[in-house]
file input05.txt (compact mmCIF, C-alpha atoms)
# COMPACT_ATOMS: atom_id res chain seq x y z
CA MET A 1 85.79 107.17 170.10
CA TYR A 2 85.48 105.83 166.59
CA THR A 3 88.97 106.39 165.22
CA GLU A 4 90.96 104.81 168.08
CA LYS A 5 91.57 101.64 166.10
CA SER A 6 92.87 103.34 162.99
CA LYS A 7 95.23 105.37 165.14
CA LYS A 8 96.57 102.16 166.65
CA LEU A 9 97.03 100.71 163.16
CA VAL A 10 99.10 103.62 161.87
CA ARG A 11 101.13 103.73 165.07
CA GLU A 12 102.13 100.11 164.57
CA LEU A 13 104.13 101.11 161.49
CA LYS A 14 106.44 103.17 163.68
CA THR A 15 107.18 100.38 166.14
CA SER A 16 109.26 98.13 163.92
CA LYS A 17 112.40 98.79 161.96
CA TRP A 18 111.08 97.45 158.71
CA LEU A 19 107.40 96.51 158.72
CA PRO A 20 105.19 95.06 161.45
CA PRO A 21 103.20 91.90 160.66
CA TYR A 22 100.17 92.62 158.51
CA ASN A 23 97.32 93.31 160.93
CA ASN A 24 94.39 91.64 159.22
CA ILE A 25 92.19 91.52 162.33
CA LEU A 26 92.43 95.22 163.04
CA ILE A 27 91.76 96.18 159.42
CA ASN A 28 88.63 94.04 159.39
CA GLU A 29 87.47 95.63 162.63
CA ILE A 30 88.00 99.09 161.19
CA SER A 31 86.07 98.25 158.05
CA THR A 32 83.06 97.03 160.09
CA GLU A 33 83.35 100.23 162.12
CA ILE A 34 83.25 102.27 158.92
CA THR A 35 80.16 100.41 157.68
CA GLU A 36 78.45 100.95 161.04
CA LEU A 37 79.33 104.62 161.00
CA HIS A 38 78.04 104.96 157.46
CA GLY A 39 74.65 103.62 158.55
CA LYS A 40 74.51 106.15 161.37
CA LEU A 41 75.60 108.90 159.02
CA LEU A 42 72.66 108.19 156.70
CA GLN A 43 70.33 108.33 159.69
CA SER A 44 71.57 111.72 160.85
CA LEU A 45 71.42 113.01 157.28
CA ALA A 46 67.75 112.05 157.23
CA SER A 47 67.11 113.84 160.51
CA GLN A 48 68.97 116.93 159.25
CA ASN A 49 71.35 117.11 162.20
CA GLU A 50 74.10 119.08 160.47
CA ALA A 51 76.72 119.21 163.21
CA LEU A 52 76.49 115.49 163.87
CA THR A 53 76.79 114.70 160.16
CA VAL A 54 80.02 116.68 159.95
CA LEU A 55 81.52 114.83 162.90
CA GLN A 56 80.52 111.40 161.68
CA ALA A 57 81.72 112.03 158.14
CA GLY A 58 84.99 113.30 159.60
CA CYS A 59 85.53 110.12 161.60
CA LEU A 60 84.61 107.98 158.62
CA ASN A 61 87.03 109.69 156.27
CA ARG A 62 89.72 109.61 158.93
CA SER A 63 89.50 105.84 159.33
CA LYS A 64 89.54 105.42 155.59
CA ARG A 65 92.61 107.63 155.23
CA SER A 66 94.47 105.76 157.96
CA VAL A 67 93.88 102.35 156.43
CA LEU A 68 94.77 103.52 152.92
CA ALA A 69 97.93 105.22 154.16
CA TYR A 70 98.85 102.04 156.05
CA LEU A 71 98.53 99.92 152.91
CA ASN A 72 100.32 102.48 150.75
CA PHE A 73 103.22 102.77 153.18
CA ARG A 74 103.68 99.00 153.17
CA ALA A 75 103.51 98.85 149.38
CA SER A 76 106.19 101.51 149.01
CA LYS A 77 108.44 99.62 151.44
CA LEU A 78 108.04 96.55 149.26
CA GLU A 79 109.11 98.51 146.19
CA THR A 80 112.23 99.66 148.02
CA LEU A 81 112.92 96.07 149.00
CA ARG A 82 112.70 94.97 145.38
CA VAL A 83 115.32 97.52 144.30
CA GLU A 84 117.69 96.88 147.20
CA ASN A 85 117.38 93.16 147.51
CA GLY A 86 116.50 91.76 144.10
CA PRO A 87 113.52 89.68 143.04
CA SER A 88 113.30 87.42 146.12
CA ILE A 89 111.77 88.19 149.52
CA PRO A 90 114.12 87.29 152.39
CA PRO A 91 112.59 84.46 154.48
CA HIS A 92 112.43 86.48 157.69
CA TYR A 93 110.39 89.13 155.87
CA SER A 94 107.81 86.99 154.15
CA HIS A 95 105.84 86.13 157.30
CA GLN A 96 105.36 89.85 158.00
CA LEU A 97 103.40 90.19 154.77
CA SER A 98 99.89 89.28 153.74
CA GLY A 99 99.19 87.06 150.75
CA ASP A 100 98.13 90.03 148.67
CA GLU A 101 101.31 91.87 149.49
CA ILE A 102 103.48 88.98 148.38
CA ASP A 103 101.44 88.92 145.19
CA TYR A 104 102.01 92.68 144.79
CA PHE A 105 105.75 92.19 145.21
CA ARG A 106 105.85 89.49 142.53
CA LYS A 107 103.85 91.54 140.07
CA TYR A 108 105.92 94.65 140.71
CA SER A 109 109.03 92.60 140.16
CA ALA A 110 107.63 91.20 136.91
CA LEU A 111 106.76 94.67 135.67
CA LEU A 112 110.26 95.89 136.40
CA GLN A 113 111.75 93.00 134.48
CA GLU A 114 109.37 93.49 131.59
CA TYR A 115 110.37 97.14 131.36
CA SER A 116 114.07 96.30 131.48
CA GLN A 117 113.70 93.80 128.68
CA LYS A 118 111.82 96.24 126.51
CA VAL A 119 114.59 98.82 126.80
CA SER A 120 117.45 96.41 126.28
CA SER A 121 117.99 92.74 126.97
CA HIS A 122 120.95 93.38 129.30
CA LEU A 123 119.61 96.30 131.28
CA ASP A 124 119.16 96.01 135.03
CA LEU A 125 117.67 99.16 136.50
CA THR A 126 118.64 98.32 140.05
CA THR A 127 122.41 98.31 139.60
CA ASP A 128 124.52 101.40 140.18
CA LEU A 129 124.50 104.61 138.19
CA MET A 130 128.29 105.18 138.15
CA PRO A 131 130.47 103.17 135.78
CA PRO A 132 132.61 100.78 137.83
CA LYS A 133 136.39 101.16 137.93
CA ASP A 134 137.14 97.47 137.67
CA LEU A 135 135.52 94.45 136.17
CA PHE A 136 136.55 92.35 139.14
CA ILE A 137 136.17 93.10 142.81
CA GLU A 138 137.39 91.42 145.95
CA VAL A 139 134.68 90.22 148.30
CA ARG A 140 134.63 88.77 151.77
CA VAL A 141 132.06 86.07 152.48
CA LYS A 142 129.91 86.77 155.54
CA GLU A 143 127.55 83.80 155.43
CA ASP A 144 128.13 80.19 154.39
CA ILE A 145 126.19 79.66 151.19
CA GLY A 146 128.27 76.90 149.52
CA ASP A 147 128.34 76.39 145.77
CA ILE A 148 126.41 78.65 143.44
CA VAL A 149 126.40 78.93 139.66
CA LEU A 150 127.02 82.38 138.21
CA PRO A 151 126.12 83.25 134.60
CA VAL A 152 129.66 83.87 133.30
CA SER A 153 132.08 82.48 135.87
CA GLY A 154 130.22 79.20 136.29
CA GLN A 155 130.34 77.38 139.60
CA VAL A 156 131.84 79.29 142.53
CA THR A 157 132.20 78.15 146.15
CA PHE A 158 131.64 80.73 148.86
CA LYS A 159 132.96 79.65 152.25
CA LYS A 160 132.47 81.79 155.30
CA ASN A 161 135.34 84.18 156.16
CA THR A 162 137.24 83.73 152.89
CA SER A 163 138.07 86.36 150.30
CA GLN A 164 137.64 85.96 146.56
CA LEU A 165 138.01 87.87 143.34
CA VAL A 166 134.76 87.78 141.39
CA ARG A 167 133.00 89.57 138.55
CA ARG A 168 131.38 92.68 139.89
CA GLU A 169 127.99 92.60 138.23
CA GLU A 170 127.39 88.96 139.08
CA VAL A 171 127.66 89.37 142.84
CA ALA A 172 126.13 92.85 143.19
CA ALA A 173 122.81 91.40 144.32
CA LEU A 174 124.51 89.16 146.90
CA ILE A 175 126.36 92.11 148.38
CA ARG A 176 123.17 94.09 148.71
CA GLN A 177 121.59 91.16 150.48
CA GLY A 178 124.42 91.21 153.00
CA VAL A 179 125.87 87.78 152.13
CA LEU A 180 129.12 89.24 150.77
CA GLN A 181 131.03 92.38 151.59
CA GLN A 182 133.19 94.33 149.19
CA THR A 183 136.69 94.88 150.54
CA ASN A 184 138.67 96.88 148.00
CA MET B 185 106.15 110.20 150.06
CA ILE B 186 105.32 113.89 149.92
CA LYS B 187 105.36 115.63 153.30
CA GLY B 188 101.93 116.52 154.57
CA SER B 189 100.11 114.66 151.80
CA TYR B 190 97.11 112.38 152.18
CA TRP B 191 99.39 109.33 152.35
CA ASP B 192 101.93 110.68 154.82
CA ILE B 193 101.77 108.62 158.02
CA ASP B 194 103.74 111.24 159.95
CA ASP B 195 101.09 113.75 159.02
CA ILE B 196 98.38 111.40 160.28
CA LEU B 197 100.19 110.81 163.56
CA ALA B 198 100.80 114.52 164.06
CA GLU B 199 97.08 115.09 163.73
CA GLU B 200 96.42 112.50 166.44
CA GLU B 201 98.03 114.69 169.09
CA PRO B 202 95.42 115.31 171.81
CA VAL B 203 94.15 118.85 172.39
CA MET B 204 91.71 120.21 174.96
CA ILE B 205 88.53 121.73 173.57
CA GLU B 206 85.49 123.42 175.00
CA THR B 207 82.24 122.94 173.14
CA THR B 208 80.14 125.97 172.29
CA LYS B 209 76.98 124.21 171.16
CA GLU B 210 74.92 121.26 172.16
CA ILE B 211 75.09 118.51 169.57
CA LYS B 212 72.48 115.77 169.69
CA GLY B 213 73.81 112.23 169.35
CA ALA B 214 77.50 113.23 169.36
CA GLY B 215 78.16 111.77 172.82
CA PHE B 216 80.60 109.29 171.25
CA LEU B 217 83.22 112.03 171.29
CA TYR B 218 83.58 111.88 175.07
CA PRO B 219 86.59 109.81 176.19
CA GLN B 220 84.32 107.61 178.34
CA GLY B 221 81.54 107.68 175.76
CA THR B 222 78.54 106.93 177.99
CA ASP B 223 76.37 109.96 177.26
CA LEU B 224 74.21 110.14 174.21
CA ASP B 225 74.37 113.89 173.53
CA LEU B 226 77.25 116.33 173.58
CA LYS B 227 76.53 119.06 176.14
CA LYS B 228 77.33 122.71 175.78
CA SER B 229 80.60 124.03 177.33
CA SER B 230 82.05 120.70 178.37
CA ARG B 231 85.83 120.28 178.38
CA PHE B 232 87.64 117.19 177.20
CA SER B 233 90.51 116.14 174.95
CA ILE B 234 90.11 114.96 171.37
CA PRO B 235 92.53 114.39 168.49
CA LEU B 236 93.86 117.50 166.80
CA TRP B 237 92.25 116.85 163.39
CA LEU B 238 88.79 116.66 164.92
CA GLY B 239 89.44 119.70 167.08
CA ILE B 240 90.41 121.77 164.05
CA SER B 241 87.41 120.67 162.04
CA MET B 242 85.11 121.52 164.97
CA ALA B 243 86.74 124.88 165.56
CA ARG B 244 86.31 125.76 161.89
CA ARG B 245 82.57 125.26 162.16
CA ASP B 246 82.26 127.08 165.49
CA LEU B 247 81.26 123.92 167.29
CA ALA B 248 84.12 124.16 169.77
CA LYS B 249 87.05 126.24 170.90
CA ILE B 250 90.58 124.84 171.05
CA GLU B 251 92.58 125.58 174.18
CA VAL B 252 96.26 126.46 173.83
CA PRO B 253 98.31 123.35 174.64
CA LYS B 254 100.83 123.63 177.45
CA PHE B 255 103.77 123.54 175.07
CA PHE B 256 102.53 126.69 173.31
CA SER B 257 101.61 128.55 176.50
CA ASP B 258 103.27 131.90 177.23
CA SER B 259 105.57 130.55 179.91
CA TYR B 260 106.79 127.73 177.70
CA ARG B 261 107.25 130.13 174.79
CA ASN B 262 109.61 132.13 176.99
CA THR B 263 111.60 129.02 177.75
CA LEU B 264 111.79 128.32 174.05
CA LYS B 265 112.99 131.81 173.30
CA ALA B 266 115.71 131.57 175.95
CA ASP B 267 117.50 128.60 174.46
CA PRO B 268 115.81 126.46 171.86
CA LYS B 269 118.83 124.23 171.29
CA ILE B 270 118.96 122.29 174.54
CA ILE B 271 115.25 121.72 175.09
CA SER B 272 113.96 118.25 174.53
CA LEU B 273 110.94 118.89 172.35
CA LYS B 274 110.34 115.17 172.10
CA GLU B 275 109.13 115.16 175.70
CA ARG B 276 106.33 117.53 174.72
CA THR B 277 105.29 115.97 171.47
CA ASN B 278 107.02 114.06 168.72
CA TYR B 279 105.51 116.38 166.15
CA PHE B 280 106.11 119.75 167.74
CA PHE B 281 106.41 121.84 164.57
CA GLU B 282 103.69 120.07 162.62
CA VAL B 283 101.22 120.48 165.48
CA GLY B 284 102.18 124.14 165.81
CA ILE B 285 101.58 124.88 162.16
CA LYS B 286 98.27 123.03 162.11
CA LEU B 287 97.13 124.85 165.21
CA SER B 288 98.27 128.27 164.04
CA ASP B 289 95.01 128.86 162.14
CA SER B 290 92.94 128.43 165.28
CA LEU B 291 95.30 130.26 167.65
CA ASP B 292 97.25 133.51 167.27
CA GLY B 293 98.65 132.44 163.93
CA ALA B 294 101.38 134.81 162.79
CA GLU B 295 103.18 135.07 166.11
CA LEU B 296 103.27 131.34 166.70
CA VAL B 297 104.58 130.62 163.22
CA LYS B 298 107.29 133.23 163.64
CA LEU B 299 108.35 131.66 166.92
CA LEU B 300 108.36 128.16 165.46
CA TYR B 301 110.47 129.37 162.57
CA LYS B 302 113.04 130.85 164.92
CA VAL B 303 113.12 127.77 167.11
CA PHE B 304 113.47 125.46 164.16
CA LEU B 305 116.23 127.53 162.60
CA ALA B 306 118.24 127.68 165.82
CA ARG B 307 117.84 123.97 166.38
CA PHE B 308 118.63 123.14 162.77
CA ILE B 309 121.89 125.08 162.77
CA HIS B 310 122.87 123.30 165.97
CA LEU B 311 121.92 119.96 164.46
CA PHE B 312 123.85 120.71 161.28
CA ASN B 313 127.00 121.42 163.30
CA GLU B 314 126.56 118.22 165.24
CA ILE B 315 126.19 116.18 162.05
CA THR B 316 129.13 117.68 160.20
CA HIS B 317 131.46 117.52 163.18
CA ASN B 318 130.82 113.97 164.20
CA SER B 319 129.52 114.58 167.63
CA ASP B 320 127.64 112.88 170.38
CA PRO B 321 124.95 110.49 169.16
CA LYS B 322 123.02 111.23 172.36
CA ILE B 323 121.61 114.28 170.61
CA ILE B 324 118.92 112.19 168.93
CA LYS B 325 117.11 111.79 172.24
CA LYS B 326 116.03 115.41 172.10
CA LEU B 327 114.87 115.53 168.50
CA THR B 328 111.35 115.48 167.16
CA GLU B 329 110.37 113.13 164.37
CA LEU B 330 111.05 115.74 161.68
CA GLU B 331 114.50 116.56 163.05
CA LEU B 332 115.34 112.90 163.40
CA GLU B 333 114.67 112.41 159.71
CA LEU B 334 116.92 115.37 158.88
CA TYR B 335 119.58 113.89 161.15
CA GLU B 336 119.52 110.53 159.40
CA LYS B 337 119.62 112.11 155.96
CA GLY B 338 122.47 114.35 157.08
CA MET B 339 124.50 111.47 158.41
CA ARG B 340 124.06 109.60 155.13
CA ALA B 341 125.09 112.65 153.12
CA VAL B 342 128.23 113.04 155.23
CA ARG B 343 129.17 109.43 154.63
CA GLU B 344 128.54 109.72 150.91
CA LEU B 345 130.64 112.87 150.70
CA TYR B 346 133.46 111.05 152.49
CA ASP B 347 133.21 108.12 150.07
CA TRP B 348 133.30 110.48 147.13
CA LYS B 349 136.38 112.29 148.43
CA GLU B 350 138.17 108.97 148.97
CA ARG B 351 137.08 107.84 145.49
CA LYS B 352 135.17 104.94 146.90
CA PHE B 353 132.04 105.64 144.93
CA ASP B 354 131.81 102.28 143.25
CA ILE B 355 131.63 100.24 146.42
CA ILE B 356 128.44 98.24 146.62
CA ARG B 357 126.86 98.34 150.05
CA THR B 358 124.34 96.17 151.80
CA GLY B 359 120.87 97.64 151.40
CA GLN B 360 119.45 99.70 154.24
CA SER B 361 116.38 97.66 154.99
CA VAL B 362 118.33 94.41 154.96
CA ALA B 363 121.26 95.60 157.06
CA LYS B 364 119.09 96.77 159.91
CA ASN B 365 117.27 93.50 160.25
CA THR B 366 119.66 90.62 159.77
CA LYS B 367 121.01 90.79 163.31
CA ARG B 368 117.64 90.57 164.95
CA PHE B 369 116.69 87.65 162.80
CA LYS B 370 119.77 85.69 163.81
CA LEU B 371 118.95 86.03 167.47
CA LYS B 372 115.58 84.33 167.06

call {"tool": "encode", "arguments": {"input": "input05.txt", "output": "structure tokens"}}
result
Amino acid sequence: MYTEKSKKLVRELKTSKWLPPYNNILINEISTEITELHGKLLQSLASQNEALTVLQAGCLNRSKRSVLAYLNFRASKLETLRVENGPSIPPHYSHQLSGDEIDYFRKYSALLQEYSQKVSSHLDLTTDLMPPKDLFIEVRVKEDIGDIVLPVSGQVTFKKNTSQLVRREEVAALIRQGVLQQTN
Amino acid sequence: MIKGSYWDIDDILAEEEPVMIETTKEIKGAGFLYPQGTDLDLKKSSRFSIPLWLGISMARRDLAKIEVPKFFSDSYRNTLKADPKIISLKERTNYFFEVGIKLSDSLDGAELVKLLYKVFLARFIHLFNEITHNSDPKIIKKLTELELELYEKGMRAVRELYDWKERKFDIIRTGQSVAKNTKRFKLK
């Protein structure tokens, strides 16, 4: 059967919690299959075999749809990642992606920033919609990340399993990445 | 992603569900449809299983007839009517309702849709009670893909309602996609 490979490709998306590694080999195989099928389709069109044409065109469009849906699904996951996790790709994610996808992520991120800057220089679309109750929040450090420099507070040291009072908007991204946890 | 759209991968997978068909015409050169795929031509009145999407498109053009799958047979319909709540539809197919709706055009449409509606409603009410009353997580073993999605959304809504009642709405949480994965990464 012609569409077995594209079925396998789409099924892969369901097997992992985030995204499976980009399956370059399978996509190439499918695209050669499509080209082959297209050749046969032209032949059966010439011989006026209607029923066969319908079946072949069906298989061709099916493979095409599967691959496009696969790519689109991955792209939309990347957009979600940008909103949840900020402008960097976590290291354990980057080897699941193809070069083009990393490029897509960067460009999407750049577009988002460009839009934010056009609206106002301090706007960040990815922070919360509700006004916060306090300027400062208490956080618990879950991973050792050492010294980092924050825009307003300056240098701050985060040691594992300690609690600190920090400015809310500065650490929001870190909390979403799972490095810190809000406690109050 | 819109449900049932061109881009919906659940829709694609639902259409991959195998169905049995019987061909009504001989088609020259279409032997590639056979599971083994050794013959060159497709013979008249041969029975074999193909993906649902192809079956539907063949049935529409009178090239083949779709046979009723076991999970929509009369005896199984009676089981469904008896108590839809406790049956594990996942054992039959992960996309029970989607397959049913797609097949309804080629089978006895109205009756099947009515039955599916009843089954879904009964199961949904049961599911809703389970979600809002904090019950057994084992329930997810019996759910189809569609119900599982409803379950996850329901659980999130319950948590958000709780946060709102406790006035915890400004707590920043770790993002979904990150939270699920960090643990596995650490083990490597």

call {"tool": "residues_around", "arguments": {"input": "input05.txt", "residues": "Pro253 in chain B", "least_positions_apart": "6", "cutoff": "10 Å", "atoms": "all atoms listed in the file", "output": "CSV table (one decimal) with C-alpha atoms, in the frame of the given file"}}
result
chain,number,residue,atom,x,y,z
B,202,PRO,CA,95.4,115.3,171.8
B,203,VAL,CA,94.2,118.8,172.4
B,204,MET,CA,91.7,120.2,175.0
B,205,ILE,CA,88.5,121.7,173.6
B,276,ARG,CA,106.3,117.5,174.7
B,284,GLY,CA,102.2,124.1,165.8
B,287,LEU,CA,97.1,124.8,165.2

call {"tool": "atom_distance", "arguments": {"input": "input05.txt", "atom1": "CA of Pro132 in chain A", "atom2": "CA of Val156 in chain A"}}
result
22.0 Å

call {"tool": "interface_residues", "arguments": {"input": "input05.txt", "of": "chain A", "to": "chain B", "cutoff": "6 Å", "atoms": "all atoms listed in the file", "output": "PyMOL selection string"}}
result
chain A and resi 1+69+84+132+175-178

call {"tool": "closest_residue", "arguments": {"input": "input05.txt", "among": "B:Glu344, B:Ala198, B:Leu327, B:Leu311", "to": "Glu275 in chain B", "atoms": "all atoms listed in the file"}}
result
B:Leu327

call {"tool": "residues_around", "arguments": {"input": "input05.txt", "residues": "range 111-114 of chain A", "least_positions_apart": "5", "cutoff": "10 Å", "atoms": "all atoms listed in the file", "output": "mmCIF file with C-alpha atoms, in the frame of the given file"}}
result
data_model
loop_
_atom_site.group_PDB
_atom_site.id
_atom_site.type_symbol
_atom_site.label_atom_id
_atom_site.label_comp_id
_atom_site.auth_asym_id
_atom_site.auth_seq_id
_atom_site.Cartn_x
_atom_site.Cartn_y
_atom_site.Cartn_z
ATOM 1 C CA ARG A 82 112.700 94.970 145.380
ATOM 2 C CA VAL A 83 115.320 97.520 144.300
ATOM 3 C CA PRO A 87 113.520 89.680 143.040
ATOM 4 C CA PHE A 105 105.750 92.190 145.210
ATOM 5 C CA ARG A 106 105.850 89.490 142.530
ATOM 6 C CA VAL A 119 114.590 98.820 126.800
ATOM 7 C CA SER A 121 117.990 92.740 126.970
ATOM 8 C CA LEU A 123 119.610 96.300 131.280
ATOM 9 C CA ASP A 124 119.160 96.010 135.030
ATOM 10 C CA LEU A 125 117.670 99.160 136.500
ATOM 11 C CA THR A 126 118.640 98.320 140.050
#

call {"tool": "closest_residue", "arguments": {"input": "input05.txt", "among": "A:Lys17, A:Ala46, A:Phe158, A:Arg62", "to": "Ile30 in chain A", "atoms": "all atoms listed in the file"}}
result
A:Arg62

call {"tool": "build_atoms", "arguments": {"input": "input05.txt", "residues": "range 14-23 of chain A", "atoms": "all heavy atoms", "output": "mmCIF file, in the frame of the given file"}}
result
data_model
loop_
_atom_site.group_PDB
_atom_site.id
_atom_site.type_symbol
_atom_site.label_atom_id
_atom_site.label_comp_id
_atom_site.auth_asym_id
_atom_site.auth_seq_id
_atom_site.Cartn_x
_atom_site.Cartn_y
_atom_site.Cartn_z
ATOM 1 N N LYS A 14 105.270 102.505 163.102
ATOM 2 C CA LYS A 14 106.440 103.170 163.680
ATOM 3 C C LYS A 14 107.193 102.269 164.657
ATOM 4 O O LYS A 14 108.297 102.594 165.070
ATOM 5 C CB LYS A 14 105.992 104.437 164.412
ATOM 6 C CG LYS A 14 105.626 105.551 163.480
ATOM 7 C CD LYS A 14 106.847 106.351 163.139
ATOM 8 C CE LYS A 14 106.552 107.298 161.996
ATOM 9 N NZ LYS A 14 107.741 107.978 161.543
ATOM 10 N N THR A 15 106.559 101.172 165.070
ATOM 11 C CA THR A 15 107.180 100.380 166.140
ATOM 12 C C THR A 15 108.238 99.420 165.645
ATOM 13 O O THR A 15 109.041 98.942 166.430
ATOM 14 C CB THR A 15 106.114 99.558 166.889
ATOM 15 O OG1 THR A 15 105.426 98.760 165.936
ATOM 16 C CG2 THR A 15 105.144 100.436 167.615
ATOM 17 N N SER A 16 108.254 99.096 164.350
ATOM 18 C CA SER A 16 109.260 98.130 163.920
ATOM 19 C C SER A 16 110.211 98.784 162.923
ATOM 20 O O SER A 16 109.870 99.786 162.292
ATOM 21 C CB SER A 16 108.603 96.912 163.290
ATOM 22 O OG SER A 16 108.458 97.095 161.925
ATOM 23 N N LYS A 17 111.395 98.160 162.802
ATOM 24 C CA LYS A 17 112.400 98.790 161.960
ATOM 25 C C LYS A 17 112.080 98.668 160.485
ATOM 26 O O LYS A 17 112.390 99.554 159.705
ATOM 27 C CB LYS A 17 113.774 98.170 162.242
ATOM 28 C CG LYS A 17 114.388 98.757 163.483
ATOM 29 C CD LYS A 17 115.730 98.141 163.764
ATOM 30 C CE LYS A 17 116.317 98.743 165.019
ATOM 31 N NZ LYS A 17 117.444 97.982 165.528
ATOM 32 N N TRP A 18 111.470 97.566 160.106
ATOM 33 C CA TRP A 18 111.080 97.450 158.710
ATOM 34 C C TRP A 18 109.564 97.561 158.617
ATOM 35 O O TRP A 18 109.052 98.650 158.445
ATOM 36 C CB TRP A 18 111.603 96.142 158.111
ATOM 37 C CG TRP A 18 111.407 96.066 156.637
ATOM 38 C CD1 TRP A 18 111.942 96.884 155.700
ATOM 39 C CD2 TRP A 18 110.572 95.146 155.958
ATOM 40 N NE1 TRP A 18 111.491 96.528 154.457
ATOM 41 C CE2 TRP A 18 110.663 95.463 154.585
ATOM 42 C CE3 TRP A 18 109.775 94.081 156.360
ATOM 43 C CZ2 TRP A 18 109.971 94.746 153.611
ATOM 44 C CZ3 TRP A 18 109.094 93.371 155.397
ATOM 45 C CH2 TRP A 18 109.191 93.699 154.035
ATOM 46 N N LEU A 19 108.857 96.457 158.727
ATOM 47 C CA LEU A 19 107.400 96.510 158.720
ATOM 48 C C LEU A 19 106.874 95.595 159.829
ATOM 49 O O LEU A 19 107.442 94.532 160.053
ATOM 50 C CB LEU A 19 106.839 96.032 157.380
ATOM 51 C CG LEU A 19 106.863 96.978 156.187
ATOM 52 C CD1 LEU A 19 106.251 96.293 154.983
ATOM 53 C CD2 LEU A 19 106.133 98.255 156.477
ATOM 54 N N PRO A 20 105.813 95.972 160.488
ATOM 55 C CA PRO A 20 105.190 95.060 161.450
ATOM 56 C C PRO A 20 104.390 94.010 160.699
ATOM 57 O O PRO A 20 104.082 94.208 159.521
ATOM 58 C CB PRO A 20 104.272 95.986 162.252
ATOM 59 C CG PRO A 20 103.930 97.071 161.310
ATOM 60 C CD PRO A 20 105.115 97.255 160.422
ATOM 61 N N PRO A 21 104.040 92.889 161.347
ATOM 62 C CA PRO A 21 103.200 91.900 160.660
ATOM 63 C C PRO A 21 101.897 92.529 160.216
ATOM 64 O O PRO A 21 101.364 93.401 160.900
ATOM 65 C CB PRO A 21 102.934 90.843 161.737
ATOM 66 C CG PRO A 21 103.950 91.055 162.772
ATOM 67 C CD PRO A 21 104.407 92.462 162.687
ATOM 68 N N TYR A 22 101.411 92.068 159.064
ATOM 69 C CA TYR A 22 100.170 92.620 158.510
ATOM 70 C C TYR A 22 99.008 92.367 159.469
ATOM 71 O O TYR A 22 98.725 91.226 159.817
ATOM 72 C CB TYR A 22 99.897 91.970 157.154
ATOM 73 C CG TYR A 22 98.678 92.501 156.457
ATOM 74 C CD1 TYR A 22 98.709 93.725 155.828
ATOM 75 C CD2 TYR A 22 97.503 91.763 156.440
ATOM 76 C CE1 TYR A 22 97.589 94.216 155.184
ATOM 77 C CE2 TYR A 22 96.391 92.246 155.795
ATOM 78 C CZ TYR A 22 96.434 93.471 155.174
ATOM 79 O OH TYR A 22 95.332 93.961 154.538
ATOM 80 N N ASN A 23 98.344 93.445 159.893
ATOM 81 C CA ASN A 23 97.320 93.310 160.930
ATOM 82 C C ASN A 23 95.933 93.157 160.316
ATOM 83 O O ASN A 23 95.148 94.091 160.239
ATOM 84 C CB ASN A 23 97.365 94.533 161.845
ATOM 85 C CG ASN A 23 96.744 94.244 163.177
ATOM 86 O OD1 ASN A 23 95.892 93.373 163.285
ATOM 87 N ND2 ASN A 23 97.173 94.966 164.188
#
